[in-house]
Amino acid sequence: MRAIIPVVLGVLLGGCLPKARVEQFIARPFVACPGDPITLSWRTNGNVTLSAEPKAPGLGKRDSSGRETVPLPEGPGPTVFNIHVSRFLGLKKTETSGEVVSPPLAREYAVVDAEGEADFSCLEQERAVEAFFVLDAEKMAPGVLVEQVMNMNIRRLVLVKDGVSKTLEEGEAMSLEGLPAQGRWSLRVPLEEGETCEAAIDDVDGRLIIKLQLACGR
């Protein structure tokens, strides 16, 4: 009878304790190349074990909360980073994951739901309206490059990035010869003859889209 007591007590006490919980688990940036540093940050209420598929060196047991950088492992497809949390001798468990993808891959980026003129500028001298988006360090590793860009709009588009300017007709694709993906992307729509900035903004608001073909530089 005494041999059963510890097990019964463990079950009873386990039911009274708070559940294992992952309050935060983040793997950044979202897009990176093998070997790029990936920052993992987590906050939990239990014992933590970190892992990755494909396997990343150095992962394993950690404190309940923390932050560290690991290299993105080699391998096709996405890398899935996992966090396993346990409490009270493993009676309470939970886990979640975060994904990092690697080129080659295509991604669409857009200015959407701009709600009027606020997200657009009227460039009077250039006879164009301009909007922009930023691929920052959380979204894109610095080693990710753009091989090709495609204009997904029904109008001519002037793309400006890092001093490089490309004019693309409707549906046209063009090589960018390894331009870094990270940074500020400017999208300019030239005005038609007699067209006002307000009319052009109404025409493209929420529908200004480009597709980037991403690659790794090594």
# chains A, B, ... in the order shown; residues from 1 in each chain; ligands from 1
$ residues_around --residues "Gly143 (chain A)" --least-positions-apart "6" --cutoff "12 Å" --atoms "only C-alpha atoms" --output "list of chain:residue names"
A:Pro29, A:Val31, A:Ala32, A:Cys33, A:Pro34, A:Gly35, A:Asp36, A:Pro37, A:Ser102, A:Pro103, A:Ala137, A:Gly178, A:Leu179, A:Pro180, A:Ala181, A:Gln182, A:Gly183, A:Leu214, A:Ala215, A:Cys216, A:Gly217, A:Arg218
$ write_last_selection --atoms "all heavy atoms" --output "short mmCIF file (atom, residue, chain, number, x, y, z; two decimals), in the first residue's frame"
data_model
loop_
_atom_site.label_atom_id
_atom_site.label_comp_id
_atom_site.auth_asym_id
_atom_site.auth_seq_id
_atom_site.Cartn_x
_atom_site.Cartn_y
_atom_site.Cartn_z
N PRO A 29 15.00 36.11 -37.76
CA PRO A 29 13.98 36.58 -38.68
C PRO A 29 13.17 35.43 -39.30
O PRO A 29 13.55 34.27 -39.19
CB PRO A 29 14.81 37.30 -39.76
CG PRO A 29 16.12 36.58 -39.75
CD PRO A 29 16.36 36.20 -38.33
N VAL A 31 12.70 34.91 -42.56
CA VAL A 31 13.37 34.39 -43.75
C VAL A 31 14.87 34.55 -43.57
O VAL A 31 15.36 35.65 -43.27
CB VAL A 31 12.92 35.14 -45.02
CG1 VAL A 31 13.60 34.57 -46.26
CG2 VAL A 31 11.40 35.08 -45.18
N ALA A 32 15.63 33.45 -43.73
CA ALA A 32 17.08 33.49 -43.53
C ALA A 32 17.72 32.38 -44.35
O ALA A 32 17.05 31.47 -44.84
CB ALA A 32 17.41 33.33 -42.05
N CYS A 33 19.04 32.46 -44.48
CA CYS A 33 19.82 31.47 -45.21
C CYS A 33 20.57 30.57 -44.22
O CYS A 33 20.86 31.00 -43.10
CB CYS A 33 20.81 32.15 -46.15
SG CYS A 33 20.02 33.11 -47.47
N PRO A 34 20.88 29.32 -44.62
CA PRO A 34 21.66 28.45 -43.72
C PRO A 34 22.92 29.14 -43.22
O PRO A 34 23.65 29.77 -43.98
CB PRO A 34 21.98 27.25 -44.62
CG PRO A 34 20.85 27.20 -45.60
CD PRO A 34 20.52 28.64 -45.88
N GLY A 35 23.15 29.03 -41.91
CA GLY A 35 24.30 29.68 -41.29
C GLY A 35 23.99 31.05 -40.72
O GLY A 35 24.76 31.55 -39.89
N ASP A 36 22.88 31.67 -41.14
CA ASP A 36 22.50 32.98 -40.59
C ASP A 36 22.11 32.85 -39.12
O ASP A 36 21.53 31.83 -38.71
CB ASP A 36 21.32 33.57 -41.36
CG ASP A 36 21.72 34.16 -42.70
OD1 ASP A 36 22.91 34.46 -42.88
OD2 ASP A 36 20.84 34.32 -43.56
N PRO A 37 22.39 33.85 -38.29
CA PRO A 37 21.99 33.79 -36.88
C PRO A 37 20.49 33.96 -36.71
O PRO A 37 19.89 34.88 -37.26
CB PRO A 37 22.76 34.97 -36.25
CG PRO A 37 23.00 35.92 -37.38
CD PRO A 37 23.17 35.08 -38.61
N SER A 102 13.77 29.34 -45.76
CA SER A 102 14.99 29.68 -46.48
C SER A 102 14.72 29.73 -47.98
O SER A 102 13.94 28.94 -48.50
CB SER A 102 16.08 28.65 -46.20
OG SER A 102 16.49 28.68 -44.86
N PRO A 103 15.39 30.65 -48.70
CA PRO A 103 15.32 30.65 -50.15
C PRO A 103 15.95 29.36 -50.71
O PRO A 103 16.72 28.70 -50.01
CB PRO A 103 16.13 31.89 -50.54
CG PRO A 103 16.11 32.76 -49.32
CD PRO A 103 16.15 31.77 -48.18
N ALA A 137 14.88 43.68 -39.92
CA ALA A 137 15.70 42.56 -39.47
C ALA A 137 14.87 41.43 -38.86
O ALA A 137 15.34 40.29 -38.79
CB ALA A 137 16.74 43.05 -38.46
N GLY A 178 20.67 40.20 -57.46
CA GLY A 178 21.16 39.98 -56.09
C GLY A 178 21.08 41.18 -55.19
O GLY A 178 21.93 41.37 -54.31
N LEU A 179 20.07 42.03 -55.35
CA LEU A 179 19.88 43.17 -54.45
C LEU A 179 19.43 42.66 -53.08
O LEU A 179 18.60 41.76 -52.98
CB LEU A 179 18.80 44.09 -55.04
CG LEU A 179 18.65 45.49 -54.47
CD1 LEU A 179 19.86 46.34 -54.84
CD2 LEU A 179 17.38 46.15 -55.01
N PRO A 180 19.99 43.19 -51.97
CA PRO A 180 19.56 42.75 -50.64
C PRO A 180 18.06 42.98 -50.44
O PRO A 180 17.53 44.03 -50.78
CB PRO A 180 20.38 43.62 -49.69
CG PRO A 180 21.59 44.01 -50.48
CD PRO A 180 21.11 44.15 -51.89
N ALA A 181 17.39 41.97 -49.87
CA ALA A 181 15.95 42.08 -49.65
C ALA A 181 15.63 42.99 -48.46
O ALA A 181 14.62 43.69 -48.46
CB ALA A 181 15.35 40.69 -49.42
N GLN A 182 16.51 42.99 -47.45
CA GLN A 182 16.26 43.79 -46.26
C GLN A 182 16.35 45.28 -46.59
O GLN A 182 17.23 45.72 -47.34
CB GLN A 182 17.29 43.45 -45.19
CG GLN A 182 16.95 43.99 -43.81
CD GLN A 182 18.03 43.68 -42.80
OE1 GLN A 182 18.83 44.54 -42.43
NE2 GLN A 182 18.07 42.44 -42.33
N GLY A 183 15.43 46.07 -46.04
CA GLY A 183 15.49 47.52 -46.25
C GLY A 183 14.15 48.10 -46.71
O GLY A 183 13.10 47.46 -46.64
N LEU A 214 13.33 35.27 -53.98
CA LEU A 214 14.42 35.40 -53.02
C LEU A 214 15.45 34.29 -53.20
O LEU A 214 15.12 33.16 -53.59
CB LEU A 214 13.87 35.38 -51.61
CG LEU A 214 12.83 36.45 -51.28
CD1 LEU A 214 12.25 36.23 -49.88
CD2 LEU A 214 13.42 37.85 -51.39
N ALA A 215 16.69 34.60 -52.88
CA ALA A 215 17.79 33.64 -53.01
C ALA A 215 18.81 33.89 -51.91
O ALA A 215 18.77 34.93 -51.23
CB ALA A 215 18.45 33.76 -54.38
N CYS A 216 19.72 32.94 -51.71
CA CYS A 216 20.82 33.11 -50.77
C CYS A 216 22.08 33.51 -51.52
O CYS A 216 22.31 33.06 -52.65
CB CYS A 216 21.07 31.83 -49.99
SG CYS A 216 19.75 31.46 -48.80
N GLY A 217 22.90 34.32 -50.88
CA GLY A 217 24.08 34.85 -51.54
C GLY A 217 25.26 33.91 -51.56
O GLY A 217 26.30 34.25 -52.10
N ARG A 218 25.13 32.76 -50.95
CA ARG A 218 26.26 31.82 -50.93
C ARG A 218 25.77 30.41 -51.15
O ARG A 218 24.61 30.13 -51.09
CB ARG A 218 27.00 31.88 -49.58
CG ARG A 218 26.09 31.75 -48.37
CD ARG A 218 26.86 31.98 -47.09
NE ARG A 218 26.03 31.81 -45.93
CZ ARG A 218 25.20 32.74 -45.46
NH1 ARG A 218 25.12 33.90 -46.06
NH2 ARG A 218 24.47 32.50 -44.37
#
$ residues_around --residues "region 124-130 of chain A" --least-positions-apart "3" --cutoff "9 Å" --atoms "only C-alpha atoms" --output "PyMOL selection string"
chain A and resi 119-121+186-192+196-198+200-201
$ write_last_selection --atoms "N, CA and C atoms" --output "PDB file, in the first residue's frame"
ATOM      1  N   ASP A 119      -1.027  56.887 -46.459  1.00  0.00           N
ATOM      2  CA  ASP A 119       0.132  56.039 -46.699  1.00  0.00           C
ATOM      3  C   ASP A 119       0.785  56.298 -48.053  1.00  0.00           C
ATOM      4  N   PHE A 120       0.310  57.287 -48.783  1.00  0.00           N
ATOM      5  CA  PHE A 120       0.858  57.632 -50.092  1.00  0.00           C
ATOM      6  C   PHE A 120       1.371  59.066 -50.089  1.00  0.00           C
ATOM      7  N   SER A 121       2.386  59.296 -50.920  1.00  0.00           N
ATOM      8  CA  SER A 121       2.888  60.652 -51.142  1.00  0.00           C
ATOM      9  C   SER A 121       2.651  61.026 -52.601  1.00  0.00           C
ATOM     10  N   SER A 186      10.503  51.280 -52.180  1.00  0.00           N
ATOM     11  CA  SER A 186       9.613  52.352 -52.636  1.00  0.00           C
ATOM     12  C   SER A 186       8.891  51.910 -53.899  1.00  0.00           C
ATOM     13  N   LEU A 187       7.570  52.102 -53.912  1.00  0.00           N
ATOM     14  CA  LEU A 187       6.736  51.748 -55.056  1.00  0.00           C
ATOM     15  C   LEU A 187       6.096  53.024 -55.592  1.00  0.00           C
ATOM     16  N   ARG A 188       6.471  53.390 -56.818  1.00  0.00           N
ATOM     17  CA  ARG A 188       5.947  54.611 -57.426  1.00  0.00           C
ATOM     18  C   ARG A 188       5.081  54.267 -58.633  1.00  0.00           C
ATOM     19  N   VAL A 189       3.909  54.878 -58.676  1.00  0.00           N
ATOM     20  CA  VAL A 189       2.983  54.679 -59.793  1.00  0.00           C
ATOM     21  C   VAL A 189       2.906  55.983 -60.587  1.00  0.00           C
ATOM     22  N   PRO A 190       3.433  56.017 -61.826  1.00  0.00           N
ATOM     23  CA  PRO A 190       3.355  57.235 -62.643  1.00  0.00           C
ATOM     24  C   PRO A 190       1.911  57.615 -62.950  1.00  0.00           C
ATOM     25  N   LEU A 191       1.649  58.927 -62.987  1.00  0.00           N
ATOM     26  CA  LEU A 191       0.307  59.413 -63.315  1.00  0.00           C
ATOM     27  C   LEU A 191       0.087  59.346 -64.814  1.00  0.00           C
ATOM     28  N   GLU A 192      -1.134  59.004 -65.192  1.00  0.00           N
ATOM     29  CA  GLU A 192      -1.529  59.051 -66.594  1.00  0.00           C
ATOM     30  C   GLU A 192      -1.724  60.514 -67.006  1.00  0.00           C
ATOM     31  N   THR A 196      -4.967  63.003 -61.688  1.00  0.00           N
ATOM     32  CA  THR A 196      -4.553  63.629 -60.425  1.00  0.00           C
ATOM     33  C   THR A 196      -3.982  62.566 -59.481  1.00  0.00           C
ATOM     34  N   CYS A 197      -3.249  63.043 -58.486  1.00  0.00           N
ATOM     35  CA  CYS A 197      -2.728  62.125 -57.480  1.00  0.00           C
ATOM     36  C   CYS A 197      -3.867  61.394 -56.759  1.00  0.00           C
ATOM     37  N   GLU A 198      -4.923  62.124 -56.466  1.00  0.00           N
ATOM     38  CA  GLU A 198      -6.040  61.528 -55.744  1.00  0.00           C
ATOM     39  C   GLU A 198      -6.665  60.385 -56.544  1.00  0.00           C
ATOM     40  N   ALA A 200      -5.171  58.534 -58.871  1.00  0.00           N
ATOM     41  CA  ALA A 200      -4.222  57.426 -58.930  1.00  0.00           C
ATOM     42  C   ALA A 200      -4.211  56.643 -57.621  1.00  0.00           C
ATOM     43  N   ILE A 201      -4.276  57.358 -56.491  1.00  0.00           N
ATOM     44  CA  ILE A 201      -4.300  56.693 -55.194  1.00  0.00           C
ATOM     45  C   ILE A 201      -5.542  55.827 -55.068  1.00  0.00           C
TER      46      ILE A 201
END
$ closest_residue --among "A:Ala27, A:Leu159, A:Leu135, A:Ile210" --to "Ala106 (chain A)" --atoms "only C-alpha atoms"
A:Ile210
$ select_by_dssp --residues "region 116-210 of chain A" --states "strand (DSSP E)" --output "PDB file with N, CA and C atoms, in the first residue's frame"
ATOM      1  N   SER A 121       2.386  59.296 -50.920  1.00  0.00           N
ATOM      2  CA  SER A 121       2.888  60.652 -51.142  1.00  0.00           C
ATOM      3  C   SER A 121       2.651  61.026 -52.601  1.00  0.00           C
ATOM      4  N   CYS A 122       2.338  62.297 -52.817  1.00  0.00           N
ATOM      5  CA  CYS A 122       2.183  62.802 -54.178  1.00  0.00           C
ATOM      6  C   CYS A 122       3.504  63.465 -54.590  1.00  0.00           C
ATOM      7  N   LEU A 123       4.195  62.877 -55.563  1.00  0.00           N
ATOM      8  CA  LEU A 123       5.464  63.420 -56.056  1.00  0.00           C
ATOM      9  C   LEU A 123       5.158  64.273 -57.278  1.00  0.00           C
ATOM     10  N   ALA A 128       3.968  61.325 -60.047  1.00  0.00           N
ATOM     11  CA  ALA A 128       3.751  59.959 -59.572  1.00  0.00           C
ATOM     12  C   ALA A 128       3.231  60.003 -58.144  1.00  0.00           C
ATOM     13  N   VAL A 129       2.631  58.899 -57.723  1.00  0.00           N
ATOM     14  CA  VAL A 129       2.311  58.703 -56.306  1.00  0.00           C
ATOM     15  C   VAL A 129       3.221  57.593 -55.790  1.00  0.00           C
ATOM     16  N   GLU A 130       3.586  57.694 -54.514  1.00  0.00           N
ATOM     17  CA  GLU A 130       4.563  56.772 -53.952  1.00  0.00           C
ATOM     18  C   GLU A 130       4.063  56.183 -52.637  1.00  0.00           C
ATOM     19  N   ALA A 131       4.315  54.900 -52.453  1.00  0.00           N
ATOM     20  CA  ALA A 131       4.105  54.228 -51.173  1.00  0.00           C
ATOM     21  C   ALA A 131       5.339  53.373 -50.918  1.00  0.00           C
ATOM     22  N   PHE A 132       5.498  52.867 -49.693  1.00  0.00           N
ATOM     23  CA  PHE A 132       6.666  52.041 -49.415  1.00  0.00           C
ATOM     24  C   PHE A 132       6.349  51.028 -48.322  1.00  0.00           C
ATOM     25  N   PHE A 133       7.162  49.985 -48.263  1.00  0.00           N
ATOM     26  CA  PHE A 133       7.128  49.048 -47.143  1.00  0.00           C
ATOM     27  C   PHE A 133       8.567  48.721 -46.765  1.00  0.00           C
ATOM     28  N   VAL A 134       8.753  48.216 -45.550  1.00  0.00           N
ATOM     29  CA  VAL A 134      10.091  47.939 -45.019  1.00  0.00           C
ATOM     30  C   VAL A 134      10.185  46.467 -44.635  1.00  0.00           C
ATOM     31  N   LEU A 135      11.208  45.792 -45.141  1.00  0.00           N
ATOM     32  CA  LEU A 135      11.554  44.443 -44.702  1.00  0.00           C
ATOM     33  C   LEU A 135      12.684  44.583 -43.691  1.00  0.00           C
ATOM     34  N   VAL A 144      19.831  37.550 -47.322  1.00  0.00           N
ATOM     35  CA  VAL A 144      18.817  37.149 -48.300  1.00  0.00           C
ATOM     36  C   VAL A 144      18.788  38.168 -49.439  1.00  0.00           C
ATOM     37  N   LEU A 145      18.887  37.682 -50.668  1.00  0.00           N
ATOM     38  CA  LEU A 145      18.949  38.528 -51.853  1.00  0.00           C
ATOM     39  C   LEU A 145      17.700  38.361 -52.714  1.00  0.00           C
ATOM     40  N   VAL A 146      17.484  39.356 -53.588  1.00  0.00           N
ATOM     41  CA  VAL A 146      16.372  39.299 -54.536  1.00  0.00           C
ATOM     42  C   VAL A 146      16.933  39.056 -55.930  1.00  0.00           C
ATOM     43  N   GLU A 147      16.561  37.929 -56.521  1.00  0.00           N
ATOM     44  CA  GLU A 147      16.994  37.627 -57.881  1.00  0.00           C
ATOM     45  C   GLU A 147      16.101  38.295 -58.917  1.00  0.00           C
ATOM     46  N   GLN A 148      14.806  38.362 -58.612  1.00  0.00           N
ATOM     47  CA  GLN A 148      13.850  38.856 -59.603  1.00  0.00           C
ATOM     48  C   GLN A 148      12.678  39.525 -58.901  1.00  0.00           C
ATOM     49  N   VAL A 149      12.104  40.539 -59.545  1.00  0.00           N
ATOM     50  CA  VAL A 149      10.904  41.193 -59.041  1.00  0.00           C
ATOM     51  C   VAL A 149       9.851  41.171 -60.142  1.00  0.00           C
ATOM     52  N   MET A 150       8.588  40.994 -59.748  1.00  0.00           N
ATOM     53  CA  MET A 150       7.480  41.003 -60.700  1.00  0.00           C
ATOM     54  C   MET A 150       6.453  42.049 -60.285  1.00  0.00           C
ATOM     55  N   ASN A 151       6.002  42.851 -61.237  1.00  0.00           N
ATOM     56  CA  ASN A 151       4.945  43.834 -61.014  1.00  0.00           C
ATOM     57  C   ASN A 151       3.605  43.123 -61.109  1.00  0.00           C
ATOM     58  N   LEU A 157       4.895  50.465 -62.946  1.00  0.00           N
ATOM     59  CA  LEU A 157       5.407  50.636 -61.596  1.00  0.00           C
ATOM     60  C   LEU A 157       6.886  50.959 -61.663  1.00  0.00           C
ATOM     61  N   VAL A 158       7.308  51.940 -60.870  1.00  0.00           N
ATOM     62  CA  VAL A 158       8.729  52.262 -60.736  1.00  0.00           C
ATOM     63  C   VAL A 158       9.155  51.820 -59.338  1.00  0.00           C
ATOM     64  N   LEU A 159      10.103  50.886 -59.294  1.00  0.00           N
ATOM     65  CA  LEU A 159      10.589  50.334 -58.041  1.00  0.00           C
ATOM     66  C   LEU A 159      11.927  50.978 -57.702  1.00  0.00           C
ATOM     67  N   VAL A 160      12.066  51.470 -56.459  1.00  0.00           N
ATOM     68  CA  VAL A 160      13.306  52.113 -56.028  1.00  0.00           C
ATOM     69  C   VAL A 160      13.781  51.435 -54.751  1.00  0.00           C
ATOM     70  N   LYS A 161      15.041  50.948 -54.772  1.00  0.00           N
ATOM     71  CA  LYS A 161      15.614  50.261 -53.602  1.00  0.00           C
ATOM     72  C   LYS A 161      17.125  50.460 -53.616  1.00  0.00           C
ATOM     73  N   VAL A 164      18.786  51.892 -56.593  1.00  0.00           N
ATOM     74  CA  VAL A 164      18.481  51.217 -57.850  1.00  0.00           C
ATOM     75  C   VAL A 164      17.036  51.515 -58.232  1.00  0.00           C
ATOM     76  N   SER A 165      16.801  51.927 -59.464  1.00  0.00           N
ATOM     77  CA  SER A 165      15.453  52.237 -59.946  1.00  0.00           C
ATOM     78  C   SER A 165      15.138  51.357 -61.153  1.00  0.00           C
ATOM     79  N   LYS A 166      13.987  50.660 -61.093  1.00  0.00           N
ATOM     80  CA  LYS A 166      13.552  49.794 -62.182  1.00  0.00           C
ATOM     81  C   LYS A 166      12.112  50.146 -62.546  1.00  0.00           C
ATOM     82  N   THR A 167      11.851  50.280 -63.848  1.00  0.00           N
ATOM     83  CA  THR A 167      10.492  50.521 -64.334  1.00  0.00           C
ATOM     84  C   THR A 167       9.942  49.226 -64.910  1.00  0.00           C
ATOM     85  N   LEU A 168       8.789  48.799 -64.394  1.00  0.00           N
ATOM     86  CA  LEU A 168       8.187  47.547 -64.828  1.00  0.00           C
ATOM     87  C   LEU A 168       6.774  47.809 -65.346  1.00  0.00           C
ATOM     88  N   ALA A 173       8.310  40.916 -65.241  1.00  0.00           N
ATOM     89  CA  ALA A 173       9.317  40.463 -64.291  1.00  0.00           C
ATOM     90  C   ALA A 173      10.679  40.943 -64.753  1.00  0.00           C
ATOM     91  N   MET A 174      11.551  41.260 -63.786  1.00  0.00           N
ATOM     92  CA  MET A 174      12.858  41.817 -64.123  1.00  0.00           C
ATOM     93  C   MET A 174      13.895  41.363 -63.103  1.00  0.00           C
ATOM     94  N   SER A 175      15.112  41.104 -63.550  1.00  0.00           N
ATOM     95  CA  SER A 175      16.198  40.713 -62.662  1.00  0.00           C
ATOM     96  C   SER A 175      16.672  41.903 -61.827  1.00  0.00           C
ATOM     97  N   LEU A 176      16.956  41.624 -60.547  1.00  0.00           N
ATOM     98  CA  LEU A 176      17.546  42.644 -59.673  1.00  0.00           C
ATOM     99  C   LEU A 176      18.983  42.299 -59.301  1.00  0.00           C
ATOM    100  N   GLU A 177      19.509  41.218 -59.857  1.00  0.00           N
ATOM    101  CA  GLU A 177      20.929  40.872 -59.761  1.00  0.00           C
ATOM    102  C   GLU A 177      21.431  40.834 -58.317  1.00  0.00           C
ATOM    103  N   GLY A 178      20.671  40.195 -57.456  1.00  0.00           N
ATOM    104  CA  GLY A 178      21.156  39.982 -56.094  1.00  0.00           C
ATOM    105  C   GLY A 178      21.079  41.184 -55.186  1.00  0.00           C
ATOM    106  N   LEU A 179      20.073  42.032 -55.345  1.00  0.00           N
ATOM    107  CA  LEU A 179      19.876  43.172 -54.453  1.00  0.00           C
ATOM    108  C   LEU A 179      19.434  42.661 -53.078  1.00  0.00           C
ATOM    109  N   PRO A 180      19.993  43.191 -51.972  1.00  0.00           N
ATOM    110  CA  PRO A 180      19.557  42.750 -50.640  1.00  0.00           C
ATOM    111  C   PRO A 180      18.061  42.977 -50.437  1.00  0.00           C
ATOM    112  N   GLY A 183      15.430  46.074 -46.041  1.00  0.00           N
ATOM    113  CA  GLY A 183      15.486  47.522 -46.248  1.00  0.00           C
ATOM    114  C   GLY A 183      14.154  48.098 -46.709  1.00  0.00           C
ATOM    115  N   ARG A 184      14.220  49.335 -47.192  1.00  0.00           N
ATOM    116  CA  ARG A 184      13.027  50.098 -47.582  1.00  0.00           C
ATOM    117  C   ARG A 184      12.787  49.954 -49.087  1.00  0.00           C
ATOM    118  N   TRP A 185      11.584  49.552 -49.433  1.00  0.00           N
ATOM    119  CA  TRP A 185      11.168  49.391 -50.829  1.00  0.00           C
ATOM    120  C   TRP A 185      10.157  50.475 -51.186  1.00  0.00           C
ATOM    121  N   SER A 186      10.503  51.280 -52.180  1.00  0.00           N
ATOM    122  CA  SER A 186       9.613  52.352 -52.636  1.00  0.00           C
ATOM    123  C   SER A 186       8.891  51.910 -53.899  1.00  0.00           C
ATOM    124  N   LEU A 187       7.570  52.102 -53.912  1.00  0.00           N
ATOM    125  CA  LEU A 187       6.736  51.748 -55.056  1.00  0.00           C
ATOM    126  C   LEU A 187       6.096  53.024 -55.592  1.00  0.00           C
ATOM    127  N   ARG A 188       6.471  53.390 -56.818  1.00  0.00           N
ATOM    128  CA  ARG A 188       5.947  54.611 -57.426  1.00  0.00           C
ATOM    129  C   ARG A 188       5.081  54.267 -58.633  1.00  0.00           C
ATOM    130  N   VAL A 189       3.909  54.878 -58.676  1.00  0.00           N
ATOM    131  CA  VAL A 189       2.983  54.679 -59.793  1.00  0.00           C
ATOM    132  C   VAL A 189       2.906  55.983 -60.587  1.00  0.00           C
ATOM    133  N   PRO A 190       3.433  56.017 -61.826  1.00  0.00           N
ATOM    134  CA  PRO A 190       3.355  57.235 -62.643  1.00  0.00           C
ATOM    135  C   PRO A 190       1.911  57.615 -62.950  1.00  0.00           C
ATOM    136  N   LEU A 208      -1.451  47.505 -54.280  1.00  0.00           N
ATOM    137  CA  LEU A 208      -0.099  47.756 -54.779  1.00  0.00           C
ATOM    138  C   LEU A 208       0.794  46.586 -54.363  1.00  0.00           C
ATOM    139  N   ILE A 209       1.087  45.673 -55.298  1.00  0.00           N
ATOM    140  CA  ILE A 209       1.707  44.405 -54.961  1.00  0.00           C
ATOM    141  C   ILE A 209       2.899  44.117 -55.884  1.00  0.00           C
ATOM    142  N   ILE A 210       3.978  43.591 -55.276  1.00  0.00           N
ATOM    143  CA  ILE A 210       5.092  43.065 -56.051  1.00  0.00           C
ATOM    144  C   ILE A 210       5.415  41.663 -55.532  1.00  0.00           C
TER     145      ILE A 210
END
$ closest_atom_pairs --of "region 21-56 of chain A" --to "region 78-81 of chain A" --cutoff "6 Å" --atoms "only C-alpha atoms" --output "tab-separated table"
residue	atom	partner	partner_atom	distance
A:Ser51	CA	A:Phe81	CA	5.9
A:Ala52	CA	A:Phe81	CA	4.3
A:Glu53	CA	A:Val80	CA	5.3
$ atom_distance --atom1 "CA of Val204 (chain A)" --atom2 "CA of Glu169 (chain A)"
14.6 Å
$ select_by_dssp --residues "region 68-216 of chain A" --states "alpha helix (DSSP H)" --output "JSON, numbers by chain"
{"A": [197, 198, 199, 200, 201, 202, 203, 204]}
$ write_last_selection --atoms "C-alpha atoms" --output "mmCIF file, in the first residue's frame"
data_model
loop_
_atom_site.group_PDB
_atom_site.id
_atom_site.type_symbol
_atom_site.label_atom_id
_atom_site.label_comp_id
_atom_site.auth_asym_id
_atom_site.auth_seq_id
_atom_site.Cartn_x
_atom_site.Cartn_y
_atom_site.Cartn_z
ATOM 1 C CA CYS A 197 -2.728 62.125 -57.480
ATOM 2 C CA GLU A 198 -6.040 61.528 -55.744
ATOM 3 C CA ALA A 199 -7.397 59.531 -58.690
ATOM 4 C CA ALA A 200 -4.222 57.426 -58.930
ATOM 5 C CA ILE A 201 -4.300 56.693 -55.194
ATOM 6 C CA ASP A 202 -7.929 55.562 -55.451
ATOM 7 C CA ASP A 203 -6.915 53.282 -58.318
ATOM 8 C CA VAL A 204 -4.075 51.503 -56.485
#
$ residues_around --residues "region 87-95 of chain A" --least-positions-apart "3" --cutoff "7 Å" --atoms "only C-alpha atoms" --output "PyMOL selection string"
chain A and resi 14+19-21+46-47+83-84
$ write_last_selection --atoms "N, CA and C atoms" --output "compact mmCIF listing (two decimals), in the first residue's frame"
# COMPACT_ATOMS: atom_id res chain seq x y z
N GLY A 14 -0.35 16.97 -8.91
CA GLY A 14 -0.24 17.44 -10.29
C GLY A 14 -1.51 18.09 -10.77
N LYS A 19 -1.04 24.69 -15.02
CA LYS A 19 -0.60 24.00 -16.23
C LYS A 19 0.70 24.60 -16.74
N ALA A 20 1.47 23.77 -17.43
CA ALA A 20 2.65 24.28 -18.13
C ALA A 20 2.19 25.26 -19.20
N ARG A 21 2.91 26.36 -19.36
CA ARG A 21 2.44 27.43 -20.24
C ARG A 21 3.62 28.07 -20.99
N GLY A 46 7.93 26.90 -16.71
CA GLY A 46 8.39 25.56 -16.37
C GLY A 46 9.79 25.26 -16.86
N ASN A 47 10.10 23.99 -16.91
CA ASN A 47 11.39 23.52 -17.41
C ASN A 47 11.36 23.45 -18.93
N ILE A 83 9.78 24.33 -28.71
CA ILE A 83 10.00 24.50 -27.28
C ILE A 83 9.05 23.56 -26.54
N HIS A 84 9.63 22.78 -25.63
CA HIS A 84 8.86 21.84 -24.81
C HIS A 84 8.96 22.31 -23.36
$ atom_distance --atom1 "CA of Glu195 (chain A)" --atom2 "CA of Glu170 (chain A)"
18.1 Å
$ atom_distance --atom1 "CA of Leu72 (chain A)" --atom2 "CA of Glu99 (chain A)"
11.0 Å
